[in-house]
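Enquirer: Below is a structure I'd like to ask you about.
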Amino acid sequence: GGSCGYGREYRRRLRGSWGVVDVDDVCNAARYCVKRGLADETRLAIDGGSAGGFTTLCALVFHEVFTAGCSMYGVADLATLAGETHKFESRYLDGLVGKYPQDREVFEERAPIRFLERMSCPVLFLHGDEDKMVPLNQAQLMHAALLAKGLPCALKVYEGEQHGFR
């Protein structure tokens with residue numbers, strides 16, 4: 001399941017399952033490539049922007065498939081995002097995860113930042129300093145926590161950039 005490009009049914013698979021279905025898909029695709037000899041399992045990297053950044057972080061935290069990742073303006077903490085995103089996106093998570101705060105437990109179960117003890121590979125964070133959809137603190141919190149853990153990581157903040165890059 002994913003956000004677009006493969007039809008309505010593909011997109012609908014995410015309803016209530018964001019951070020599960022999409023993550024399983026990318027992990028299974030990577031495993032398939034390894035099994036077919038198309039990729040080296042010791043050098044698998046994942047990257048994604050926005051929702052794909054969330055998928056990236058979930059894959060790195062909840063699965064042991066990838067050896068490095070890059071999250072571009074991705075979500076690390078769903079509960080924080082629910083309270084801090086701009087008004088236009090404020091109900092975005094309702095259909096993908098649940099209603100906050102009623103479904104707080106689901107938000108916490110899927111938040112990569114709450115399971116950093118499971119992460120064991122290098123991560124690059126790329127984010128715009130004027131992002132109103134996914135505030136910069138999502139990347140800053142992950143970066144600081146991974147540095148404290150001693151994992152190789154970097155945060156590149158792009159001045160004047162919003163959600164996505166020109």
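Just so we're on the same page: first chain in the structure tokens is A, next is B, and so on; residues restart at 1 for each chain, and ligands are numbered from 1 in the order they show up.
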Can you list, as number ranges by chain, every residue of chain A that DSSP puts in helix (DSSP H, G or I)?

Expert: A: 8-12, 21-35, 41-43, 51-62, 78-84, 87-89, 92-96, 104-109, 112-118, 137-149

Enquirer: Can you measure CA of Ile113 in chain A to CA of Tyr92 in chain A for me? One decimal in Å is fine.

Expert: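 Rounded to one decimal, the two atoms are 19.7 Å apart.
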
Enquirer: Could you list, as a list in words, every residue within 8 Å of Gly160 in chain A, counting only C-alpha atoms and ignoring same-chain residues fewer than 3 positions away?

Expert: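 Contacts, in chain order: Gly128, Asp129 and Glu130 of chain A.
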
Enquirer: Taking the backbone alone, and naming residues the way the document does, which bits of range 29-94 of chain A are strand (DSSP E or B) by DSSP, as a list of chain:residue names?

Expert: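 Listing strand (DSSP E or B) positions across range 29-94 of chain A yields A:Ala45, A:Ile46, A:Asp47, A:Gly48, A:Gly49, A:Ala68, A:Gly69, A:Cys70, A:Ser71, A:Met72.
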
Enquirer: Excluding range 76-86 of chain A and residues on its chain fewer than 2 positions from it, collect all residues at most 8 Å away from it, counting only C-alpha atoms, and give them as a list in words.

Expert: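 After dropping sequence-adjacent residues, the list is Phe54, Leu57, Gly74, Phe88, Glu89, Ser90, Arg91, Leu93, Tyr100, Pro101, Arg104, Phe107, Glu108, Arg110, Ala111, Pro112, Ile113, Arg114, Lys132, Met133, Val134, Pro135, Gln138, Ala139 and Met142 of chain A.
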
Enquirer: Keeping N, CA, C and O atoms for every residue in the selection just given, could you write it to a file as a CSV table (one decimal), in the first residue's frame?

Expert:
chain,number,residue,atom,x,y,z
A,54,PHE,N,8.7,8.7,6.8
A,54,PHE,CA,8.2,7.9,7.9
A,54,PHE,C,8.3,6.4,7.6
A,54,PHE,O,8.7,5.7,8.5
A,57,LEU,N,11.9,5.5,8.3
A,57,LEU,CA,12.3,5.4,9.7
A,57,LEU,C,11.6,4.1,10.3
A,57,LEU,O,12.3,3.4,11.1
A,74,GLY,N,10.8,13.6,7.0
A,74,GLY,CA,9.9,12.5,7.4
A,74,GLY,C,9.4,12.7,8.8
A,74,GLY,O,9.9,13.4,9.6
A,88,PHE,N,-4.2,22.8,7.5
A,88,PHE,CA,-4.6,22.1,6.3
A,88,PHE,C,-4.3,20.6,6.5
A,88,PHE,O,-5.1,19.7,6.0
A,89,GLU,N,-3.2,20.2,7.2
A,89,GLU,CA,-2.9,18.8,7.3
A,89,GLU,C,-3.4,18.2,8.7
A,89,GLU,O,-3.1,17.0,9.0
A,90,SER,N,-4.0,19.0,9.5
A,90,SER,CA,-4.3,18.6,10.8
A,90,SER,C,-5.2,17.3,11.0
A,90,SER,O,-5.1,16.6,12.0
A,91,ARG,N,-5.9,16.9,10.0
A,91,ARG,CA,-6.7,15.7,10.0
A,91,ARG,C,-6.2,14.6,9.2
A,91,ARG,O,-6.8,13.6,9.0
A,93,LEU,N,-3.8,12.5,9.6
A,93,LEU,CA,-3.6,11.2,10.2
A,93,LEU,C,-4.8,10.4,10.6
A,93,LEU,O,-4.7,9.2,10.8
A,100,TYR,N,-6.5,11.3,17.0
A,100,TYR,CA,-5.7,11.6,18.2
A,100,TYR,C,-6.4,12.6,19.0
A,100,TYR,O,-7.0,13.6,18.5
A,101,PRO,N,-6.5,12.5,20.3
A,101,PRO,CA,-5.8,11.5,21.2
A,101,PRO,C,-6.5,10.2,21.5
A,101,PRO,O,-5.9,9.4,22.2
A,104,ARG,N,-4.3,7.2,20.9
A,104,ARG,CA,-2.9,7.5,21.3
A,104,ARG,C,-2.0,6.3,21.3
A,104,ARG,O,-0.9,6.3,20.9
A,107,PHE,N,-0.7,5.6,17.9
A,107,PHE,CA,0.2,6.6,17.5
A,107,PHE,C,1.6,6.3,18.1
A,107,PHE,O,2.6,6.4,17.5
A,108,GLU,N,1.6,5.9,19.4
A,108,GLU,CA,2.8,5.6,20.1
A,108,GLU,C,3.5,4.3,19.6
A,108,GLU,O,4.7,4.2,19.4
A,110,ARG,N,3.5,3.1,16.6
A,110,ARG,CA,4.1,3.3,15.3
A,110,ARG,C,5.1,4.4,15.2
A,110,ARG,O,5.6,4.7,14.1
A,111,ALA,N,5.4,5.0,16.3
A,111,ALA,CA,6.3,6.2,16.3
A,111,ALA,C,7.8,5.7,16.4
A,111,ALA,O,8.2,5.2,17.4
A,112,PRO,N,8.6,5.9,15.3
A,112,PRO,CA,10.0,5.4,15.3
A,112,PRO,C,10.8,5.9,16.5
A,112,PRO,O,11.6,5.2,17.0
A,113,ILE,N,10.5,7.2,16.9
A,113,ILE,CA,11.3,7.8,17.9
A,113,ILE,C,11.1,7.1,19.3
A,113,ILE,O,12.0,7.2,20.1
A,114,ARG,N,10.1,6.3,19.4
A,114,ARG,CA,9.8,5.6,20.7
A,114,ARG,C,10.5,4.3,20.8
A,114,ARG,O,10.5,3.6,21.8
A,132,LYS,N,6.2,23.5,7.4
A,132,LYS,CA,5.1,23.6,8.3
A,132,LYS,C,4.3,22.3,8.3
A,132,LYS,O,3.5,22.1,9.3
A,133,MET,N,4.4,21.4,7.4
A,133,MET,CA,3.7,20.2,7.4
A,133,MET,C,4.3,19.2,8.3
A,133,MET,O,3.6,18.6,9.2
A,134,VAL,N,5.6,19.0,8.2
A,134,VAL,CA,6.3,18.1,9.1
A,134,VAL,C,7.4,19.0,9.7
A,134,VAL,O,8.5,19.2,9.1
A,135,PRO,N,7.2,19.6,10.9
A,135,PRO,CA,8.1,20.5,11.5
A,135,PRO,C,9.5,19.9,11.6
A,135,PRO,O,9.7,18.7,11.8
A,138,GLN,N,10.9,17.2,14.1
A,138,GLN,CA,10.8,15.7,13.9
A,138,GLN,C,12.2,15.2,13.6
A,138,GLN,O,12.6,14.1,14.1
A,139,ALA,N,13.0,15.8,12.7
A,139,ALA,CA,14.3,15.4,12.4
A,139,ALA,C,15.3,15.7,13.5
A,139,ALA,O,16.2,14.9,13.8
A,142,MET,N,15.1,13.1,16.3
A,142,MET,CA,15.7,11.8,16.0
A,142,MET,C,17.2,11.9,15.9
A,142,MET,O,17.9,11.0,16.4

Enquirer: In Å, rounded to a single decimal, give me how far CA of His63 in chain A is from CA of Val21 in chain A.

Expert: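 Answer for the CA of Val21 in chain A to CA of His63 in chain A separation: 12.8 Å.
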